[in-house]
file target03.tsv (TSV, C-alpha atoms and all ligand atoms)
chain	number	residue	atom	x	y	z
R	1	MET	CA	10.07	-8.24	24.92
R	2	ILE	CA	7.16	-8.85	22.53
R	3	PRO	CA	8.47	-10.29	19.25
R	4	PRO	CA	7.48	-8.61	15.97
R	5	ALA	CA	4.28	-9.85	14.30
R	6	LEU	CA	6.44	-10.50	11.25
R	7	ALA	CA	10.18	-10.73	10.81
R	8	LEU	CA	11.16	-11.51	7.24
R	9	HIS	CA	14.87	-12.11	6.74
R	10	HIS	CA	16.62	-12.00	3.36
R	11	PHE	CA	13.68	-13.42	1.42
R	12	SER	CA	14.42	-14.23	-2.23
R	13	LYS	CA	12.36	-15.99	-4.88
R	14	ARG	CA	12.96	-16.74	-8.55
R	15	PHE	CA	10.63	-18.10	-11.19
R	16	GLY	CA	13.02	-19.54	-13.76
R	17	PRO	CA	15.03	-16.55	-15.00
R	18	THR	CA	12.71	-14.02	-13.32
R	19	VAL	CA	13.93	-12.60	-10.01
R	20	ALA	CA	10.58	-11.91	-8.34
R	21	ALA	CA	12.03	-10.99	-4.91
R	22	GLU	CA	15.63	-10.40	-3.93
R	23	ASP	CA	16.99	-10.13	-0.38
R	24	VAL	CA	13.83	-8.63	1.14
R	25	THR	CA	14.18	-7.95	4.88
R	26	LEU	CA	11.22	-6.40	6.67
R	27	THR	CA	9.59	-6.36	10.11
R	28	VAL	CA	6.05	-5.54	11.19
R	29	ALA	CA	5.49	-4.71	14.88
R	30	PRO	CA	2.35	-5.82	16.72
R	31	GLY	CA	-0.39	-3.25	16.03
R	32	GLU	CA	1.55	-1.73	13.16
R	33	THR	CA	0.39	-1.48	9.53
R	34	VAL	CA	3.12	-1.65	6.89
R	35	ALA	CA	2.33	-1.14	3.21
R	36	LEU	CA	4.38	-2.90	0.58
R	37	LEU	CA	4.11	-0.46	-2.30
R	38	GLY	CA	5.37	-0.75	-5.86
R	39	PRO	CA	4.38	-0.91	-9.52
R	40	SER	CA	2.77	-3.93	-11.13
R	41	GLY	CA	5.12	-6.91	-11.38
R	42	CYS	CA	7.70	-5.64	-8.84
R	43	GLY	CA	7.23	-8.69	-6.58
R	44	LYS	CA	4.80	-7.52	-3.89
R	45	SER	CA	2.47	-10.51	-4.15
R	46	THR	CA	5.43	-12.86	-4.24
R	47	VAL	CA	6.60	-11.53	-0.86
R	48	LEU	CA	3.11	-11.77	0.61
R	49	ARG	CA	2.61	-15.29	-0.73
R	50	GLY	CA	6.01	-16.29	0.63
R	51	VAL	CA	5.03	-15.03	4.09
R	52	ALA	CA	1.66	-16.82	3.87
R	53	GLY	CA	3.32	-20.07	2.80
R	54	LEU	CA	1.53	-20.15	-0.56
R	55	GLU	CA	4.86	-19.87	-2.36
R	56	ARG	CA	7.88	-21.96	-1.44
R	57	VAL	CA	10.58	-19.72	-0.03
R	58	GLY	CA	13.57	-19.69	-2.39
R	59	ALA	CA	15.90	-18.34	0.27
R	60	GLY	CA	15.42	-16.60	3.61
R	61	ARG	CA	13.49	-17.00	6.83
R	62	VAL	CA	9.92	-16.11	7.87
R	63	GLU	CA	9.09	-15.57	11.56
R	64	VAL	CA	5.55	-14.90	12.74
R	65	ALA	CA	5.22	-13.68	16.34
R	66	GLY	CA	8.69	-15.00	17.12
R	67	ARG	CA	8.09	-18.46	15.62
R	68	ASP	CA	10.11	-19.67	12.63
R	69	VAL	CA	7.40	-20.75	10.17
R	70	THR	CA	9.59	-21.01	7.05
R	71	ALA	CA	9.07	-24.76	6.71
R	72	LEU	CA	5.40	-24.80	7.78
R	73	ALA	CA	2.25	-25.18	5.67
R	74	PRO	CA	-0.01	-22.08	5.29
R	75	GLU	CA	-2.57	-23.29	7.84
R	76	GLU	CA	0.15	-23.81	10.46
R	77	ARG	CA	1.56	-20.28	10.17
R	78	GLN	CA	-1.04	-18.33	12.20
R	79	VAL	CA	-1.62	-15.68	9.57
R	80	GLY	CA	-4.96	-14.21	8.49
R	81	LEU	CA	-5.27	-13.73	4.72
R	82	VAL	CA	-7.39	-11.30	2.75
R	83	PHE	CA	-6.62	-11.73	-0.93
R	84	GLN	CA	-8.27	-10.09	-3.92
R	85	ASP	CA	-9.64	-13.37	-5.12
R	86	TYR	CA	-10.10	-14.94	-1.72
R	87	ALA	CA	-13.71	-15.99	-2.22
R	88	LEU	CA	-16.20	-16.56	0.58
R	89	PHE	CA	-17.84	-19.98	0.84
R	90	PRO	CA	-21.12	-19.52	-1.07
R	91	HIS	CA	-22.98	-22.27	0.82
R	92	LEU	CA	-22.25	-20.82	4.29
R	93	ASN	CA	-23.90	-17.71	5.65
R	94	VAL	CA	-21.79	-14.73	6.76
R	95	LEU	CA	-21.51	-15.93	10.35
R	96	GLY	CA	-20.53	-19.42	9.17
R	97	ASN	CA	-17.88	-17.97	6.87
R	98	VAL	CA	-16.31	-15.91	9.65
R	99	ALA	CA	-16.57	-18.73	12.23
R	100	TYR	CA	-14.86	-21.15	9.85
R	101	GLY	CA	-11.32	-20.08	10.78
R	102	PRO	CA	-11.70	-20.44	14.54
R	103	ARG	CA	-13.51	-23.80	13.99
R	104	MET	CA	-10.59	-25.07	11.90
R	105	ARG	CA	-8.24	-24.05	14.68
R	106	GLY	CA	-10.12	-26.21	17.17
R	107	ALA	CA	-12.60	-23.77	18.78
R	108	GLY	CA	-16.02	-25.24	19.71
R	109	ARG	CA	-19.08	-24.02	17.77
R	110	ALA	CA	-20.26	-21.57	20.47
R	111	GLU	CA	-16.78	-20.08	20.96
R	112	ALA	CA	-16.18	-19.85	17.18
R	113	GLU	CA	-19.49	-18.04	16.70
R	114	ARG	CA	-18.78	-15.68	19.58
R	115	ARG	CA	-15.49	-14.71	17.95
R	116	ALA	CA	-17.18	-14.41	14.57
R	117	ARG	CA	-19.79	-12.02	16.01
R	118	GLU	CA	-17.05	-9.97	17.62
R	119	ALA	CA	-15.15	-9.73	14.31
R	120	LEU	CA	-18.32	-8.84	12.40
R	121	ALA	CA	-19.01	-6.07	14.91
R	122	LEU	CA	-15.50	-4.71	14.30
R	123	VAL	CA	-16.26	-4.32	10.59
R	124	GLY	CA	-19.78	-3.02	11.30
R	125	LEU	CA	-21.67	-5.99	9.88
R	126	GLU	CA	-23.09	-7.65	12.99
R	127	ALA	CA	-26.60	-7.39	11.53
R	128	LEU	CA	-25.77	-9.41	8.39
R	129	GLY	CA	-24.70	-12.73	9.95
R	130	ALA	CA	-27.56	-14.68	8.41
R	131	ARG	CA	-27.01	-13.50	4.82
R	132	ARG	CA	-25.41	-15.58	2.10
R	133	PRO	CA	-22.36	-14.13	0.27
R	134	ALA	CA	-24.46	-13.72	-2.91
R	135	GLU	CA	-26.70	-11.29	-0.99
R	136	LEU	CA	-23.87	-8.88	-0.15
R	137	SER	CA	-22.55	-5.80	-1.94
R	138	GLY	CA	-18.90	-5.80	-3.03
R	139	GLY	CA	-17.89	-3.64	-0.08
R	140	GLN	CA	-19.78	-5.82	2.39
R	141	ALA	CA	-18.19	-8.99	1.00
R	142	GLN	CA	-14.79	-7.34	1.35
R	143	ARG	CA	-15.50	-6.52	4.97
R	144	VAL	CA	-16.69	-10.09	5.64
R	145	ALA	CA	-13.38	-11.36	4.21
R	146	LEU	CA	-11.60	-9.01	6.62
R	147	ALA	CA	-13.72	-10.17	9.55
R	148	ARG	CA	-12.88	-13.74	8.63
R	149	ALA	CA	-9.16	-12.97	8.82
R	150	VAL	CA	-9.57	-11.03	12.07
R	151	ALA	CA	-11.61	-13.83	13.70
R	152	THR	CA	-8.72	-16.26	13.43
R	153	GLY	CA	-7.00	-14.20	16.16
R	154	SER	CA	-3.79	-14.30	14.13
R	155	PRO	CA	-0.97	-12.00	15.23
R	156	LEU	CA	-0.37	-11.14	11.56
R	157	LEU	CA	-2.85	-10.15	8.84
R	158	LEU	CA	-1.84	-10.19	5.17
R	159	LEU	CA	-3.91	-8.10	2.76
R	160	ASP	CA	-3.35	-8.15	-0.99
R	161	GLU	CA	-4.95	-5.11	-2.68
R	162	PRO	CA	-7.93	-5.42	-0.34
R	163	LEU	CA	-9.86	-2.54	-1.92
R	164	SER	CA	-9.04	-3.13	-5.57
R	165	ASN	CA	-12.40	-4.46	-6.70
R	166	LEU	CA	-14.40	-1.58	-5.29
R	167	ASP	CA	-15.52	1.71	-6.75
R	168	GLU	CA	-13.72	4.93	-5.80
R	169	GLN	CA	-16.35	6.17	-3.32
R	170	LEU	CA	-16.46	2.91	-1.44
R	171	ARG	CA	-12.67	2.68	-1.41
R	172	ALA	CA	-12.44	6.12	0.18
R	173	ARG	CA	-14.94	5.14	2.89
R	174	LEU	CA	-13.37	1.75	3.59
R	175	ARG	CA	-9.90	3.31	3.77
R	176	ALA	CA	-11.05	5.36	6.74
R	177	ASP	CA	-12.81	2.33	8.28
R	178	LEU	CA	-9.82	0.08	7.87
R	179	ARG	CA	-7.38	2.38	9.62
R	180	GLY	CA	-9.64	2.38	12.68
R	181	LEU	CA	-10.19	-1.36	12.41
R	182	PHE	CA	-6.47	-2.12	12.29
R	183	ALA	CA	-5.94	0.02	15.39
R	184	ARG	CA	-8.64	-1.90	17.29
R	185	VAL	CA	-7.50	-5.38	16.25
R	186	GLY	CA	-3.94	-5.02	17.56
R	187	ALA	CA	-2.47	-7.46	15.01
R	188	GLY	CA	0.42	-6.57	12.74
R	189	VAL	CA	-0.80	-5.88	9.20
R	190	LEU	CA	1.20	-6.25	5.99
R	191	LEU	CA	-0.71	-4.70	3.13
R	192	VAL	CA	0.16	-4.94	-0.55
R	193	THR	CA	-0.88	-2.11	-2.83
R	194	HIS	CA	0.23	-0.31	-5.97
R	195	ASP	CA	-1.82	2.73	-4.93
R	196	GLN	CA	0.28	5.29	-3.09
R	197	ARG	CA	-2.77	7.09	-1.69
R	198	GLU	CA	-3.98	3.85	-0.16
R	199	ALA	CA	-0.55	3.23	1.37
R	200	LEU	CA	-0.40	6.74	2.84
R	201	ALA	CA	-3.95	6.50	4.17
R	202	LEU	CA	-3.63	3.09	5.79
R	203	ALA	CA	-0.05	2.47	6.78
R	204	SER	CA	2.20	3.98	9.40
R	205	ARG	CA	5.22	2.70	7.49
R	206	VAL	CA	5.72	2.00	3.81
R	207	ALA	CA	8.22	-0.26	2.08
R	208	VAL	CA	8.72	0.77	-1.56
R	209	MET	CA	9.61	-2.09	-3.87
R	210	ARG	CA	11.15	-1.96	-7.34
R	211	ALA	CA	12.10	-4.93	-9.51
R	212	GLY	CA	12.15	-7.41	-6.61
R	213	ARG	CA	14.05	-5.23	-4.13
R	214	LEU	CA	13.06	-2.88	-1.33
R	215	VAL	CA	14.36	0.55	-2.27
R	216	GLN	CA	13.08	2.60	0.68
R	217	VAL	CA	11.43	1.77	4.00
R	218	GLY	CA	10.23	4.40	6.46
R	219	ALA	CA	7.38	6.33	8.03
R	220	ALA	CA	4.78	6.96	5.33
R	221	ALA	CA	4.84	10.77	5.52
R	222	GLU	CA	8.64	10.79	5.72
R	223	VAL	CA	9.08	8.62	2.61
R	224	PHE	CA	6.67	10.86	0.72
R	225	ALA	CA	8.36	14.08	1.88
R	226	ARG	CA	11.90	12.75	1.45
R	227	PRO	CA	12.06	10.08	-1.26
R	228	ALA	CA	15.50	8.48	-1.45
R	229	THR	CA	15.76	8.61	-5.24
R	230	ALA	CA	14.15	10.21	-8.29
R	231	TRP	CA	12.42	6.93	-9.17
R	232	VAL	CA	10.77	6.72	-5.74
R	233	ALA	CA	9.72	10.39	-5.96
R	234	ALA	CA	8.14	9.90	-9.39
R	235	PHE	CA	6.47	6.65	-8.36
R	236	LEU	CA	4.95	8.34	-5.31
R	237	GLY	CA	3.31	10.86	-7.61
R	238	HIS	CA	5.55	13.91	-7.31
R	239	ALA	CA	4.90	15.92	-10.46
R	240	ASN	CA	8.20	17.81	-10.61
R	241	VAL	CA	11.23	15.53	-10.64
R	242	LEU	CA	13.54	17.30	-13.10
R	243	PRO	CA	16.81	15.94	-14.46
R	244	GLY	CA	19.78	17.81	-12.97
R	245	PRO	CA	23.52	17.77	-13.56
R	246	GLY	CA	25.75	14.71	-13.14
R	247	GLY	CA	23.18	11.94	-12.62
R	248	THR	CA	21.09	13.91	-10.14
R	249	ALA	CA	17.50	15.10	-10.22
R	250	HIS	CA	15.76	18.05	-8.56
R	251	LEU	CA	12.56	17.28	-6.69
R	252	ILE	CA	10.45	20.41	-6.43
R	253	PRO	CA	7.55	19.80	-4.07
R	254	GLU	CA	4.46	21.99	-4.46
R	255	ASP	CA	5.24	23.82	-1.21
R	256	ALA	CA	8.64	24.96	-2.57
R	257	VAL	CA	6.83	27.16	-5.09
R	258	ARG	CA	5.84	30.71	-4.06
R	259	LEU	CA	3.40	32.32	-6.43
R	260	GLY	CA	2.96	36.02	-7.10
R	261	GLU	CA	6.58	37.04	-6.49
R	262	GLY	CA	9.80	36.93	-8.54
R	263	ASP	CA	10.16	36.90	-12.31
R	264	PRO	CA	7.30	36.13	-14.70
R	265	HIS	CA	7.69	32.71	-16.37
R	266	PRO	CA	5.95	31.70	-19.60
R	267	VAL	CA	2.96	29.36	-19.22
R	268	THR	CA	3.21	26.80	-22.02
R	269	ALA	CA	0.03	24.81	-21.36
R	270	ARG	CA	-3.02	25.00	-19.17
R	271	GLN	CA	-5.84	22.62	-18.46
R	272	THR	CA	-8.89	22.86	-16.23
R	273	THR	CA	-9.17	20.12	-13.57
R	274	ASP	CA	-11.82	19.31	-10.96
R	275	THR	CA	-9.93	21.34	-8.32
R	276	GLY	CA	-8.67	24.28	-10.39
R	277	THR	CA	-6.16	24.59	-13.19
R	278	GLU	CA	-3.06	22.61	-14.06
R	279	VAL	CA	-0.35	24.61	-15.83
R	280	ALA	CA	3.03	23.88	-17.36
R	281	VAL	CA	5.54	26.66	-16.69
R	282	ALA	CA	8.89	27.11	-18.42
R	283	HIS	CA	11.53	27.46	-15.70
R	284	PRO	CA	15.34	27.45	-15.92
R	285	LEU	CA	15.42	24.16	-13.93
R	286	GLY	CA	13.00	22.56	-16.40
R	287	PRO	CA	9.27	22.51	-17.17
R	288	LEU	CA	7.22	22.74	-13.97
R	289	THR	CA	3.73	21.26	-13.58
R	290	LEU	CA	1.71	23.26	-11.06
R	291	HIS	CA	-1.80	22.83	-9.70
R	292	LEU	CA	-3.46	26.18	-9.13
R	293	SER	CA	-6.55	26.64	-7.01
R	294	ALA	CA	-9.39	28.72	-8.44
R	295	ARG	CA	-8.03	31.74	-6.51
R	296	GLU	CA	-4.44	31.19	-7.66
R	297	THR	CA	-5.62	30.93	-11.25
R	298	GLY	CA	-6.19	34.70	-11.00
R	299	GLN	CA	-2.41	35.13	-10.95
R	300	LEU	CA	-2.07	33.95	-14.55
R	301	GLN	CA	-1.46	37.20	-16.40
R	302	GLY	CA	-0.83	37.53	-20.11
R	303	GLY	CA	0.37	33.95	-20.41
R	304	THR	CA	2.92	34.25	-17.59
R	305	LEU	CA	3.10	33.36	-13.91
R	306	ARG	CA	5.33	35.05	-11.34
R	307	LEU	CA	7.01	32.57	-9.04
R	308	THR	CA	10.10	31.86	-6.98
R	309	LEU	CA	11.38	28.55	-5.63
R	310	ASP	CA	12.43	28.22	-2.00
R	311	PRO	CA	15.88	26.64	-2.45
R	312	ALA	CA	15.73	25.14	1.06
R	313	ARG	CA	12.76	23.00	-0.04
R	314	VAL	CA	14.18	21.78	-3.34
R	315	LEU	CA	15.73	18.32	-2.90
R	316	THR	CA	18.59	16.97	-4.97
R	317	LEU	CA	18.33	13.20	-5.42
R	318	PRO	CA	20.25	10.55	-7.33
R	319	ASP	CA	18.48	10.00	-10.65
R	320	ASP	CA	17.98	6.25	-11.01
R	321	ARG	CA	15.20	6.39	-13.60
R	322	VAL	CA	17.33	5.55	-16.62
R	323	GLY	CA	16.08	2.52	-18.49
R	324	THR	CA	12.75	2.27	-16.67
F	401	LIG	N1	4.02	-18.44	-10.69
F	401	LIG	C1	4.83	-17.64	-11.40
F	401	LIG	N2	5.56	-18.14	-12.43
F	401	LIG	C2	6.41	-17.35	-13.16
F	401	LIG	N3	6.59	-16.04	-12.91
F	401	LIG	C3	5.90	-15.49	-11.91
F	401	LIG	C4	4.98	-16.25	-11.11
F	401	LIG	N4	4.43	-15.41	-10.18
F	401	LIG	C5	4.98	-14.20	-10.40
F	401	LIG	N5	5.85	-14.23	-11.42
F	401	LIG	C6	6.67	-13.09	-11.92
F	401	LIG	O1	7.37	-12.54	-10.83
F	401	LIG	C7	7.37	-11.11	-10.88
F	401	LIG	C8	6.72	-10.55	-9.64
F	401	LIG	O2	5.32	-10.84	-9.65
F	401	LIG	P1	4.32	-10.42	-8.48
F	401	LIG	O3	3.00	-11.00	-8.77
F	401	LIG	O4	4.94	-10.73	-7.17
F	401	LIG	O5	4.28	-8.83	-8.68
F	401	LIG	P2	3.30	-7.75	-8.02
F	401	LIG	O6	4.18	-6.62	-7.62
F	401	LIG	O7	2.47	-8.38	-6.98
F	401	LIG	O8	2.42	-7.33	-9.26
F	401	LIG	P3	0.86	-6.86	-9.33
F	401	LIG	O9	0.79	-5.53	-8.63
F	401	LIG	O10	0.65	-6.74	-10.80
F	401	LIG	O11	0.05	-7.92	-8.69
F	401	LIG	C9	6.67	-10.74	-12.17
F	401	LIG	O12	7.66	-10.54	-13.16
F	401	LIG	C10	5.81	-11.96	-12.47
F	401	LIG	O13	5.61	-12.07	-13.86
call {"tool": "encode", "arguments": {"input": "target03.tsv", "output": "structure tokens"}}
result
Amino acid sequence: MIPPALALHHFSKRFGPTVAAEDVTLTVAPGETVALLGPSGCGKSTVLRGVAGLERVGAGRVEVAGRDVTALAPEERQVGLVFQDYALFPHLNVLGNVAYGPRMRGAGRAEAERRAREALALVGLEALGARRPAELSGGQAQRVALARAVATGSPLLLLDEPLSNLDEQLRARLRADLRGLFARVGAGVLLVTHDQREALALASRVAVMRAGRLVQVGAAAEVFARPATAWVAAFLGHANVLPGPGGTAHLIPEDAVRLGEGDPHPVTARQTTDTGTEVAVAHPLGPLTLHLSARETGQLQGGTLRLTLDPARVLTLPDDRVGT
């Protein structure tokens, strides 16, 4: 049986009194992309740095492709890193930057350059091998950093907010590129992001982290459709997570709302957005925020909106948001 690209067992890390990661257990299969998703400061980078060997493991075990690497230095772990601030060597050209990893791992110059060219082709930059890093756009530099990680032939790639320094248009394009790239490379990918759209777009599975702990791990679409708790639902961007009785919350997904039937409900606020109109509607369960398309906006009549909720689609979740 092929071992997982990454098996992280009961990883914990403290910085003085701060518990940065607590009992984190996670696997990444070969060819699989897993997103570690959570708000700023929840411990995502700490986990990634622990796996990479850049942070001493407080407790737990790290296995890469079946090998226990917990006690090994970063360069001995066989992981490819793409970090936000992982700068390219300014004095080497693009090809030299990408060939550096294989060279360090003992490949001859010709073999290292062959692998570098292959990796550059994967990210669509085969024509730019002779350029210096200073002559690249932000997006191109990001792709060179990726090619450099890919060229090492590592069974595990670690990416920390790989698209964070780019503008929105470029991010959207690279998101699509990356998904295809990950599929072609065949390595396991562990990706850190605080952006839920990025996680959904890139990862087959997501691991949601809160205050040092994993709170939900599952298929990306499944976690979004069925968050385990009110906090996860709100973090993932669900607009309608309403406090319910006895420590519960009601999650009302957009597709639970049927417009144009049922009782009229007062509209208490409305705002035009780039895709239509956002309205607040007074409902017995609590104030609902709804996004109406231009066509649906026509259903706003005299400051009211007729709607019913499909009870089968309303989820009742434990409300764990207190004190956050
Ligand atoms: N070297 C350090 N010394 C002391 N505290 C640290 C150190 N590194 C991280 N921390 C603390 O550990 C916690 C987790 O930090 P970490 O960087 O892992 O979070 P993160 O989820 O990656 O955040 P972000 O999305 O903002 O990068 C935070 O409270 C942070 O302040």
call {"tool": "residues_near_ligand", "arguments": {"input": "target03.tsv", "ligand": "ligand LIG 401 (chain F)", "cutoff": "12 Å", "atoms": "only C-alpha atoms and all ligand atoms", "output": "PyMOL selection string"}}
result
chain R and resi 12-22+36-50+54-56+83-85+159-162+164+191-195+208-214
call {"tool": "atom_distance", "arguments": {"input": "target03.tsv", "atom1": "CA of Tyr100 in chain R", "atom2": "CA of Ala145 in chain R"}}
result
11.4 Å
call {"tool": "residues_near_point", "arguments": {"input": "target03.tsv", "point": "(0.5, -14.7, 6.1)", "cutoff": "10 Å", "atoms": "all atoms listed in the file", "output": "list in words"}}
result
Leu6, Val47, Leu48, Arg49, Gly50, Val51, Ala52, Gly53, Leu54, Val62, Val64, Pro74, Glu75, Arg77, Gln78, Val79, Gly80, Leu81, Val82, Ser154, Pro155, Leu156, Leu157, Leu158, Leu159, Val189 and Leu190 of chain R
call {"tool": "closest_residue", "arguments": {"input": "target03.tsv", "among": "R:Ala59, R:Ala183, R:Ala269, R:Val232", "to": "Ala207 in chain R", "atoms": "only C-alpha atoms"}}
result
R:Val232
call {"tool": "residues_near_point", "arguments": {"input": "target03.tsv", "point": "(8.2, -8.7, 17.2)", "cutoff": "6 Å", "atoms": "all atoms listed in the file", "output": "MDAnalysis selection string"}}
result
chainID R and resid 2:5 29 65
call {"tool": "residues_around", "arguments": {"input": "target03.tsv", "residues": "Ala201 in chain R", "least_positions_apart": "3", "cutoff": "7 Å", "atoms": "all atoms listed in the file", "output": "list in words"}}
result
Arg175, Arg197 and Glu198 of chain R
call {"tool": "atom_distance", "arguments": {"input": "target03.tsv", "atom1": "CA of Ala73 in chain R", "atom2": "CA of Leu88 in chain R"}}
result
21.0 Å
call {"tool": "closest_residue", "arguments": {"input": "target03.tsv", "among": "R:Thr248, R:Phe182, R:Asp167, R:Arg306", "to": "Gly138 in chain R", "atoms": "all atoms listed in the file"}}
result
R:Asp167
call {"tool": "residues_around", "arguments": {"input": "target03.tsv", "residues": "Leu200 in chain R", "least_positions_apart": "5", "cutoff": "9 Å", "atoms": "all atoms listed in the file", "output": "MDAnalysis selection string"}}
result
chainID R and resid 35 195 205:206 220:221 224
call {"tool": "closest_residue", "arguments": {"input": "target03.tsv", "among": "R:His291, R:Arg226, R:Arg184, R:His265", "to": "Ala121 in chain R", "atoms": "only C-alpha atoms"}}
result
R:Arg184
call {"tool": "residues_around", "arguments": {"input": "target03.tsv", "residues": "Asn240 in chain R", "least_positions_apart": "5", "cutoff": "12 Å", "atoms": "only C-alpha atoms", "output": "PyMOL selection string"}}
result
chain R and resi 230-231+233-235+249-257+280-281+283+285-291+314-316
call {"tool": "atom_distance", "arguments": {"input": "target03.tsv", "atom1": "CA of Glu118 in chain R", "atom2": "CA of Val94 in chain R"}}
result
12.8 Å
call {"tool": "closest_residue", "arguments": {"input": "target03.tsv", "among": "R:Asn97, R:Thr25, R:Thr152, R:Thr268", "to": "Gly302 in chain R", "atoms": "all atoms listed in the file"}}
result
R:Thr268
call {"tool": "axis_aligned_box", "arguments": {"input": "target03.tsv", "around": "range 218-231 of chain R", "padding_each_side": "4 Å", "output": "lines of an AutoDock Vina configuration file"}}
result
center_x = 10.3
center_y = 9.2
center_z = -0.6
size_x = 19.0
size_y = 17.7
size_z = 25.2
call {"tool": "residues_around", "arguments": {"input": "target03.tsv", "residues": "Arg115 in chain R", "least_positions_apart": "3", "cutoff": "12 Å", "atoms": "all atoms listed in the file", "output": "PyMOL selection string"}}
result
chain R and resi 95-103+107-112+118-122+126+147-153
call {"tool": "closest_residue", "arguments": {"input": "target03.tsv", "among": "R:Pro264, R:Ala87, R:Glu168, R:Arg105", "to": "Ala134 in chain R", "atoms": "only C-alpha atoms"}}
result
R:Ala87
